[in-house]
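Engineer: Before I ask anything, let me first share the structure, which is written out below as structure tokens.
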Amino acid sequence: MNKFAPARQLTGAWLCNTTLWLLLPGAAYPSTVSPLYARGYTVIPEPQNVQLRDADFQIDNGWRLEVGEGVKPDDVAVESLKGQLAQRYGLSLAAGGGGNAVGLVIHPQSVKIGETTDLDKAALAEQAYRLELSPGGIRITANAPAGLFYAVQTLVQLVKTERDKLWLPEGEIVDWPDVRLREVFWDEVEHLDHFEVFQQAIQRVAFFKVNGLALRLNGHFEYASAPALVDPYALSAAQLQELTDYGLRYHVQVIPYLDGPAHANFILERDEYTKLREFPQSAFEMCSTNPDTYKLLEGMYRDLMDANRGVKYFHLSTDEAWFIGKADNDQCHEAERARQLGSPSKLWVEFTSKTATYLRDHGRDVIFWGEDPLQAEDIPLLPSWLISGEVYNAAYNKAFRSRGIQQMVYTNSLPDDPLFPAYFVLSPNEQLHPRKGTEERATQVFNEISLSSARKEANLRGVGVYAWGDLGPHPETFWLGYAVGTSAAWHPGSPDPHELSNSFYRLFYGPGATDMGRLYQLMSTQAQFWSSSWDREPSGALPLVFGYSYGIGPFTPEIETLALPPVPTADYLLSRGNWRHENTERVRLAWKFLGENDDLLHLLYRNLPSVQFNRYNLEVYLSIAKLCRQNLLMLKSLGEISDDFEEAQEQAAKLHYADAVTALDKALGTAGTIRDERNLALDEVTTTWYETWFPRVAEANGRHAARNPQDFVDTQTSEGAHRRQMGLLYLINREFSLPFGDWVNQLQETRNRYAAAHHLPPRVGKFDWQDTTTLHSQPIDREL
């Protein structure tokens, strides 16, 4: 799903949008750096009110912990403070005795909050805290347990190591969030993480004061009411409840997210549920007038809620239902119902109201996507207790507010970037096929949250920072966007998102990390060139795409492709073109990015043993960097093969037959090396990613993956048609689909015909491009 909401009206560098700062509560131009950062301290998100005195003071093992009024000894804030101080700084707070104390107190209504966008001051006050820092002691005061926990995260982040001592700034911080719900999206659509990865994700988001984790499991949950939907590996109901309870302890709501009626491919591609399709030829959308659609969805809602007790919200994913009200076939008669109601929009309202009411009756606040095909004029027909998960445009925002429907600011930190988010933007001059409108992803989400006109137009409840998993990226790549985006949800407009990025590197990896900004820049630009380095063309082999996230089709799917050097003629080895000459810029850029890939690998290997936290994150980055490198090596090798063809032609013209054959053999050997390098990169990425993912297999645990490929794809390429490939083959799908094997075998046939004509031995054996297991090719036998 590549979800773009038209509400994304505000783009460009945020410093240029000066007039928009007037939209923010208490808006002011940010200073060059925040007061804490100027003193060498890092906190994400930046606190609302910071008053610092000139001095810093030391904290050491002589300090003690004092659990005061309203705080339970086993409160997670106490656990988090002791555990993180020990883990990060080797600091152990004594349980009693003399010495300076870190005091924790919960006293309702003791911390007053300032201006906010969210109008529910009581809900926001529960997350507020006061942190008083002095050489004589540290005192944390909160109105409620959530505020106490967030104060602890600020204190832990603040500690600075300098001159082998631990330091804190003297002063006072009073802090509260701008909106009550700050969520990130965790997408399991194409993989399933190990259980401990979910727990780690909860701890990470809580560290950055995020209190919602929207979880899209799709087929990776054991639905009791729909066992046919369960993939070979799936979370059990007991595991989801355990995860839910784990999140609640850290003040994080694990919020179920279920698609319907659109984006229901994981349901409708199953033979058991094809009868629920809106159109028989498309697995994208469910028929909204079929009673069995509601029966199925309500059972799935119930299964998820029963395993998610204690959570307040449910995500009803109603977006991009482009085809609603258009079907008129033997199994779906939506068009007739739309005419009865007055429009497809009103039919959409009927579907949303029915499903949302079921969730509401079971105790959930329902977050939905309020967008086209819903028309603004029909918003008054919706229940007023709904929450729109996005701001759309001024007309919609006004209508939602008039109806009493609250909204959330939606941002997307990974629209459809391959391999790695574009946290840094590669110059169009260094791309063969530049993508339009690419922005620095972390800055982009910061701007969309901070500068949204919806702050005045809508009644905001929260912010959602999303990163979609449809193309199979690794979630480890999402964290910078999540941290920067949700920081703006807590404190919009400040500090500069580049400062936040550098604070993130220090907090996420620890003080041992070096040159992380450059590392992220290289990861970003390598991935962008990886995408740009191939060509795209319409596919004549794939069927028309019925529709996709951007609208109704039919569309002609495109494929990524790469021209191969023309095979010489068999008689005189005459070249039919000069691939290197025709691809001069491609080869030049490949060499440039190979050099930068060297720099990237150096930074990764240098940081792997020195970072204090999240080392696995860099292991994932290393595997991605090597995927990018393999593509660069392939481009370089194709240039070398082109040179070998020129050499073969030259030697043939001199009647040096053996030398001409040797040149062709060299080209064939290079072709084998290309396959080996591809397989090595795939093997490494699979080994690394499967450390934390369950394998993508056709069958396990008595269950099988969907047998039928989906008819709908979420991208403009053919990739969707291959998403059900086992393992991680989708990462090399464009190479896998290239007719490289036929090309190599044609080259070998040409070579053998020329060799036979000049009484030279043939080269035997067939080249198998689909072979992904061979890592080191053996020399091909020749008949003598």
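Ordering of the structure tokens sets the chain letters (A, B, ...); residue numbers start at 1 within each chain; ligands are numbered from 1 in the order shown.
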Near Leu729 in chain A, counting only C-alpha atoms, which residues have an atom at most 12 Å away, once you skip same-chain residues fewer than 4 positions from it, shown as an mmCIF file with C-alpha atoms, in the first residue's frame?
Structural biologist:
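Output (selection-v7.cif):
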data_model
loop_
_atom_site.group_PDB
_atom_site.id
_atom_site.type_symbol
_atom_site.label_atom_id
_atom_site.label_comp_id
_atom_site.auth_asym_id
_atom_site.auth_seq_id
_atom_site.Cartn_x
_atom_site.Cartn_y
_atom_site.Cartn_z
ATOM 1 C CA LEU A 471 7.611 -3.860 -1.063
ATOM 2 C CA GLY A 472 9.216 -5.899 1.688
ATOM 3 C CA ARG A 678 24.004 -11.966 -6.915
ATOM 4 C CA ASN A 679 23.628 -15.238 -5.030
ATOM 5 C CA ALA A 681 24.344 -10.963 -1.773
ATOM 6 C CA LEU A 682 21.015 -12.797 -1.540
ATOM 7 C CA ASP A 683 22.510 -15.413 0.777
ATOM 8 C CA VAL A 685 20.706 -10.723 3.250
ATOM 9 C CA THR A 686 18.667 -13.880 3.859
ATOM 10 C CA PRO A 695 11.130 -17.759 6.921
ATOM 11 C CA ARG A 696 8.843 -17.027 3.994
ATOM 12 C CA VAL A 697 7.839 -20.542 2.994
ATOM 13 C CA GLU A 719 6.714 -6.714 -8.539
ATOM 14 C CA HIS A 722 5.988 -11.963 -7.629
ATOM 15 C CA ARG A 723 5.393 -11.055 -4.009
ATOM 16 C CA ARG A 724 4.420 -14.598 -3.140
ATOM 17 C CA GLN A 725 7.865 -15.877 -4.074
ATOM 18 C CA ASN A 733 13.212 -9.973 -8.625
ATOM 19 C CA ARG A 734 14.261 -7.594 -11.388
ATOM 20 C CA GLU A 735 17.465 -9.570 -11.949
ATOM 21 C CA PHE A 736 15.616 -12.847 -11.650
ATOM 22 C CA SER A 737 13.224 -11.666 -14.363
ATOM 23 C CA GLN A 770 17.409 -19.083 -11.990
ATOM 24 C CA ASP A 771 19.898 -21.005 -9.827
ATOM 25 C CA THR A 772 20.198 -19.047 -6.576
ATOM 26 C CA THR A 773 22.155 -21.648 -4.607
#
Engineer: Using DSSP on the backbone coordinates, identify all residues within range 570-773 of chain A classified as strand (DSSP E); present the result as an MDAnalysis selection string.
Structural biologist: chainID A and resid 699:700 703:704
Engineer: Kindly provide the residues of range 400-423 of chain A that approach range 605-624 of chain A to within 12 Å, each paired with its closest atom pair and their distance in Å to one decimal, based on only C-alpha atoms, listed by chain and increasing number, as a Markdown table.
Structural biologist:
| residue | atom | partner | partner_atom | distance |
| --- | --- | --- | --- | --- |
| A:Pro418 | CA | A:Ile624 | CA | 10.3 |
| A:Leu419 | CA | A:Ile624 | CA | 6.8 |
| A:Phe420 | CA | A:Ile624 | CA | 8.0 |
| A:Pro421 | CA | A:Tyr621 | CA | 11.6 |
Engineer: Store the residues of this selection in a file with N, CA, C and O atoms, as an mmCIF file, in the first residue's frame.
Structural biologist:
data_model
loop_
_atom_site.group_PDB
_atom_site.id
_atom_site.type_symbol
_atom_site.label_atom_id
_atom_site.label_comp_id
_atom_site.auth_asym_id
_atom_site.auth_seq_id
_atom_site.Cartn_x
_atom_site.Cartn_y
_atom_site.Cartn_z
ATOM 1 N N PRO A 418 12.804 2.031 -2.450
ATOM 2 C CA PRO A 418 13.307 0.651 -2.393
ATOM 3 C C PRO A 418 14.497 0.536 -1.450
ATOM 4 O O PRO A 418 15.345 1.435 -1.386
ATOM 5 N N LEU A 419 14.542 -0.533 -0.716
ATOM 6 C CA LEU A 419 15.676 -0.934 0.119
ATOM 7 C C LEU A 419 15.897 -0.054 1.338
ATOM 8 O O LEU A 419 16.125 -0.550 2.436
ATOM 9 N N PHE A 420 15.849 1.297 1.179
ATOM 10 C CA PHE A 420 16.182 2.177 2.298
ATOM 11 C C PHE A 420 15.477 3.517 2.088
ATOM 12 O O PHE A 420 15.449 4.023 0.967
ATOM 13 N N PRO A 421 14.911 4.113 3.158
ATOM 14 C CA PRO A 421 14.231 5.404 2.983
ATOM 15 C C PRO A 421 15.204 6.486 2.512
ATOM 16 O O PRO A 421 16.384 6.486 2.860
#
Engineer: Find the residues near Ala394 in chain A: any atom within 8 Å, counting only C-alpha atoms, skip ones fewer than 3 places away on the same chain, and give them as JSON, numbers by chain.
Structural biologist: {"A": [397, 398, 454, 457]}
Engineer: Could you check which of A:Lys312, A:Lys654, A:Arg180, A:Lys72 is closest to Ala122 in chain A, using only C-alpha atoms?
Structural biologist: A:Arg180
Engineer: Pull the helix (DSSP H, G or I) assignments for range 338-464 of chain A out of DSSP run on the backbone, and list those residues as a count of residues only.
Structural biologist: 55
Engineer: Please report, as JSON lines, each residue of range 153-235 of chain A lying at most 8 Å from range 34-49 of chain A, together with the nearest pair of atoms and the separation in Å rounded to one decimal; use only C-alpha atoms, and order rows by chain and ascending residue number.
Structural biologist:
{"residue": "A:Thr154", "atom": "CA", "partner": "A:Val43", "partner_atom": "CA", "distance": 6.2}
{"residue": "A:Gln157", "atom": "CA", "partner": "A:Val43", "partner_atom": "CA", "distance": 5.6}
{"residue": "A:Leu158", "atom": "CA", "partner": "A:Tyr41", "partner_atom": "CA", "distance": 5.6}
{"residue": "A:Val159", "atom": "CA", "partner": "A:Tyr41", "partner_atom": "CA", "distance": 7.3}
{"residue": "A:Lys160", "atom": "CA", "partner": "A:Tyr41", "partner_atom": "CA", "distance": 6.4}
{"residue": "A:Ile173", "atom": "CA", "partner": "A:Asn49", "partner_atom": "CA", "distance": 5.7}
{"residue": "A:Val174", "atom": "CA", "partner": "A:Asn49", "partner_atom": "CA", "distance": 5.2}
{"residue": "A:Asp175", "atom": "CA", "partner": "A:Gln48", "partner_atom": "CA", "distance": 5.0}
{"residue": "A:Trp176", "atom": "CA", "partner": "A:Gln48", "partner_atom": "CA", "distance": 6.6}
{"residue": "A:Pro177", "atom": "CA", "partner": "A:Gln48", "partner_atom": "CA", "distance": 8.0}
{"residue": "A:Phe208", "atom": "CA", "partner": "A:Ile44", "partner_atom": "CA", "distance": 5.9}
{"residue": "A:Lys209", "atom": "CA", "partner": "A:Pro45", "partner_atom": "CA", "distance": 7.5}
Engineer: Looking at A:Ala335, A:Pro383, A:Leu564, A:Ala570, which one is nearest to Gly741 in chain A, with distances taken over only C-alpha atoms?
Structural biologist: A:Leu564
Engineer: Can you tell me, as a ChimeraX atom specification, what residues are no more than 12 Å from Trp490 in chain A when counting only C-alpha atoms, ignoring any on the same chain fewer than 3 positions away?
Structural biologist: /A:44-48,116-118,124,127-128,150,175-183,208-211,446,449-450,461-464,483-487,493-495
Engineer: For the selection just defined, write its residues with N, CA and C atoms to a file, as a short mmCIF file (atom, residue, chain, number, x, y, z; two decimals), in the first residue's frame.
Structural biologist:
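part-v7.cif, freshly written:
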data_model
loop_
_atom_site.label_atom_id
_atom_site.label_comp_id
_atom_site.auth_asym_id
_atom_site.auth_seq_id
_atom_site.Cartn_x
_atom_site.Cartn_y
_atom_site.Cartn_z
N ILE A 44 14.98 13.35 22.74
CA ILE A 44 13.94 13.23 21.72
C ILE A 44 12.68 12.70 22.40
N PRO A 45 11.56 13.44 22.28
CA PRO A 45 11.39 14.75 21.65
C PRO A 45 11.90 15.88 22.54
N GLU A 46 12.08 17.05 21.93
CA GLU A 46 12.51 18.20 22.71
C GLU A 46 11.43 18.59 23.71
N PRO A 47 11.77 18.78 24.97
CA PRO A 47 10.76 19.18 25.95
C PRO A 47 10.14 20.53 25.61
N GLN A 48 8.93 20.76 26.13
CA GLN A 48 8.21 21.99 25.83
C GLN A 48 8.83 23.20 26.50
N THR A 116 -1.76 23.70 23.65
CA THR A 116 -1.68 22.45 22.87
C THR A 116 -2.65 22.52 21.71
N THR A 117 -2.39 21.69 20.71
CA THR A 117 -3.33 21.56 19.60
C THR A 117 -4.51 20.70 20.00
N ASP A 118 -4.26 19.58 20.65
CA ASP A 118 -5.31 18.69 21.15
C ASP A 118 -6.07 19.43 22.25
N LEU A 124 -3.98 15.03 28.10
CA LEU A 124 -2.59 15.47 27.92
C LEU A 124 -1.89 15.63 29.26
N GLN A 127 0.09 12.85 30.82
CA GLN A 127 1.40 12.55 30.27
C GLN A 127 2.44 13.63 30.59
N ALA A 128 2.05 14.61 31.38
CA ALA A 128 2.93 15.74 31.70
C ALA A 128 3.83 15.41 32.89
N TYR A 150 7.50 9.07 31.13
CA TYR A 150 8.11 9.94 30.12
C TYR A 150 9.20 10.81 30.74
N ASP A 175 7.15 19.56 30.90
CA ASP A 175 6.92 18.98 29.57
C ASP A 175 5.57 18.31 29.49
N TRP A 176 5.00 18.35 28.27
CA TRP A 176 3.72 17.71 27.99
C TRP A 176 3.60 17.54 26.48
N PRO A 177 2.77 16.63 26.03
CA PRO A 177 2.64 16.41 24.57
C PRO A 177 1.65 17.38 23.95
N ASP A 178 1.82 17.59 22.65
CA ASP A 178 0.90 18.45 21.90
C ASP A 178 -0.40 17.72 21.57
N VAL A 179 -0.30 16.40 21.34
CA VAL A 179 -1.49 15.58 21.07
C VAL A 179 -1.40 14.31 21.91
N ARG A 180 -2.54 13.74 22.21
CA ARG A 180 -2.55 12.63 23.17
C ARG A 180 -2.08 11.31 22.57
N LEU A 181 -2.36 11.06 21.26
CA LEU A 181 -2.00 9.79 20.64
C LEU A 181 -0.91 10.01 19.60
N ARG A 182 0.22 9.36 19.82
CA ARG A 182 1.35 9.45 18.90
C ARG A 182 1.71 8.01 18.53
N GLU A 183 1.40 7.64 17.31
CA GLU A 183 1.57 6.24 16.94
C GLU A 183 2.50 6.08 15.74
N PHE A 208 11.01 6.97 22.93
CA PHE A 208 10.80 8.26 22.26
C PHE A 208 9.41 8.83 22.54
N LYS A 209 8.75 8.35 23.61
CA LYS A 209 7.46 8.86 24.08
C LYS A 209 6.34 8.63 23.07
N VAL A 210 6.42 7.55 22.34
CA VAL A 210 5.35 7.11 21.44
C VAL A 210 4.42 6.21 22.24
N ASN A 211 3.12 6.38 22.09
CA ASN A 211 2.18 5.58 22.89
C ASN A 211 1.20 4.77 22.07
N PHE A 446 8.48 15.55 9.57
CA PHE A 446 8.53 16.62 10.55
C PHE A 446 7.72 17.82 10.07
N ILE A 449 3.82 17.24 9.94
CA ILE A 449 3.19 17.28 11.27
C ILE A 449 3.22 18.71 11.82
N SER A 450 4.36 19.36 11.72
CA SER A 450 4.53 20.67 12.35
C SER A 450 3.77 21.78 11.63
N ARG A 461 -6.64 14.76 17.39
CA ARG A 461 -6.42 13.87 18.53
C ARG A 461 -5.01 13.30 18.54
N GLY A 462 -4.39 13.18 17.38
CA GLY A 462 -3.09 12.53 17.37
C GLY A 462 -2.38 12.65 16.05
N VAL A 463 -1.30 11.87 15.95
CA VAL A 463 -0.45 11.83 14.77
C VAL A 463 -0.07 10.37 14.52
N GLY A 464 -0.05 9.97 13.24
CA GLY A 464 0.42 8.64 12.86
C GLY A 464 1.57 8.75 11.88
N ALA A 483 11.39 8.35 14.81
CA ALA A 483 11.81 9.19 15.93
C ALA A 483 11.61 10.67 15.63
N VAL A 484 12.00 11.10 14.44
CA VAL A 484 11.86 12.52 14.09
C VAL A 484 10.39 12.90 13.95
N GLY A 485 9.61 12.04 13.30
CA GLY A 485 8.20 12.34 13.10
C GLY A 485 7.43 12.44 14.40
N THR A 486 7.60 11.47 15.28
CA THR A 486 6.85 11.50 16.53
C THR A 486 7.37 12.57 17.49
N SER A 487 8.61 13.01 17.30
CA SER A 487 9.10 14.16 18.07
C SER A 487 8.27 15.40 17.73
N GLY A 493 7.39 21.64 15.40
CA GLY A 493 8.16 22.79 14.95
C GLY A 493 9.52 22.98 15.57
N SER A 494 9.90 22.14 16.52
CA SER A 494 11.17 22.36 17.18
C SER A 494 11.70 21.04 17.73
N PRO A 495 13.01 20.84 17.66
CA PRO A 495 14.03 21.68 17.03
C PRO A 495 14.13 21.37 15.54
#
Engineer: When distances are computed from only C-alpha atoms, which of A:Glu430, A:Glu646, A:Glu188, A:Glu560 shows the smallest separation from Arg576 in chain A?
Structural biologist: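 Smallest separation from Arg576 in chain A among the options: A:Glu646.
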Engineer: Would you list the contacts of Gly70 in chain A as a PyMOL selection string, taking every protein, DNA or RNA residue within 9 Å and counting only C-alpha atoms, but skipping same-chain residues closer than 3 positions in sequence?
Structural biologist: chain A and resi 67+104-107+144-145
Engineer: Using only C-alpha atoms, which of A:Gln630, A:Thr161, A:Ser92, A:Gln253 sits nearest Ala527 in chain A?
Structural biologist: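 For Ala527 in chain A, the nearest of the candidates is A:Gln630.
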Engineer: I'd like the contact shell of Ala307 in chain A - 7 Å cut-off, only C-alpha atoms, skipping same-chain residues fewer than 4 positions apart - returned as a ChimeraX atom specification.
Structural biologist: /A:237-238,240-241,303
Engineer: Nearest to Thr662 in chain A: which of A:Arg751, A:Arg360, A:Arg588, A:Arg580 is it, counting only C-alpha atoms?
Structural biologist: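 Smallest separation from Thr662 in chain A among the options: A:Arg751.
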Engineer: With a distance cut-off of 7 Å and only C-alpha atoms, select the neighbouring residues of Leu131 in chain A, excluding the residue or stretch itself and same-chain residues fewer than 4 positions from it, and output the selection as a short mmCIF file (atom, residue, chain, number, x, y, z; two decimals) with C-alpha atoms, in the first residue's frame.
Structural biologist:
data_model
loop_
_atom_site.label_atom_id
_atom_site.label_comp_id
_atom_site.auth_asym_id
_atom_site.auth_seq_id
_atom_site.Cartn_x
_atom_site.Cartn_y
_atom_site.Cartn_z
CA ARG A 139 13.02 15.43 41.59
CA ILE A 140 10.50 14.06 39.11
CA THR A 141 6.87 15.04 39.59
CA ALA A 151 10.07 11.97 32.65
CA GLU A 172 14.05 22.67 35.32
CA ILE A 173 12.04 20.99 32.56
CA VAL A 174 8.25 21.11 32.38
#
Engineer: Point out the residue among A:Gly389, A:Pro497, A:Pro380, A:Gly90 with the least atom-to-atom distance to Asp365 in chain A, counting only C-alpha atoms.
Structural biologist: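 Answer, going by the shortest atom-to-atom distance: A:Gly389.
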Engineer: Could you state the separation of CA of Val152 in chain A and CA of Val78 in chain A in Å, given to one decimal place?
Structural biologist: 8.2 Å
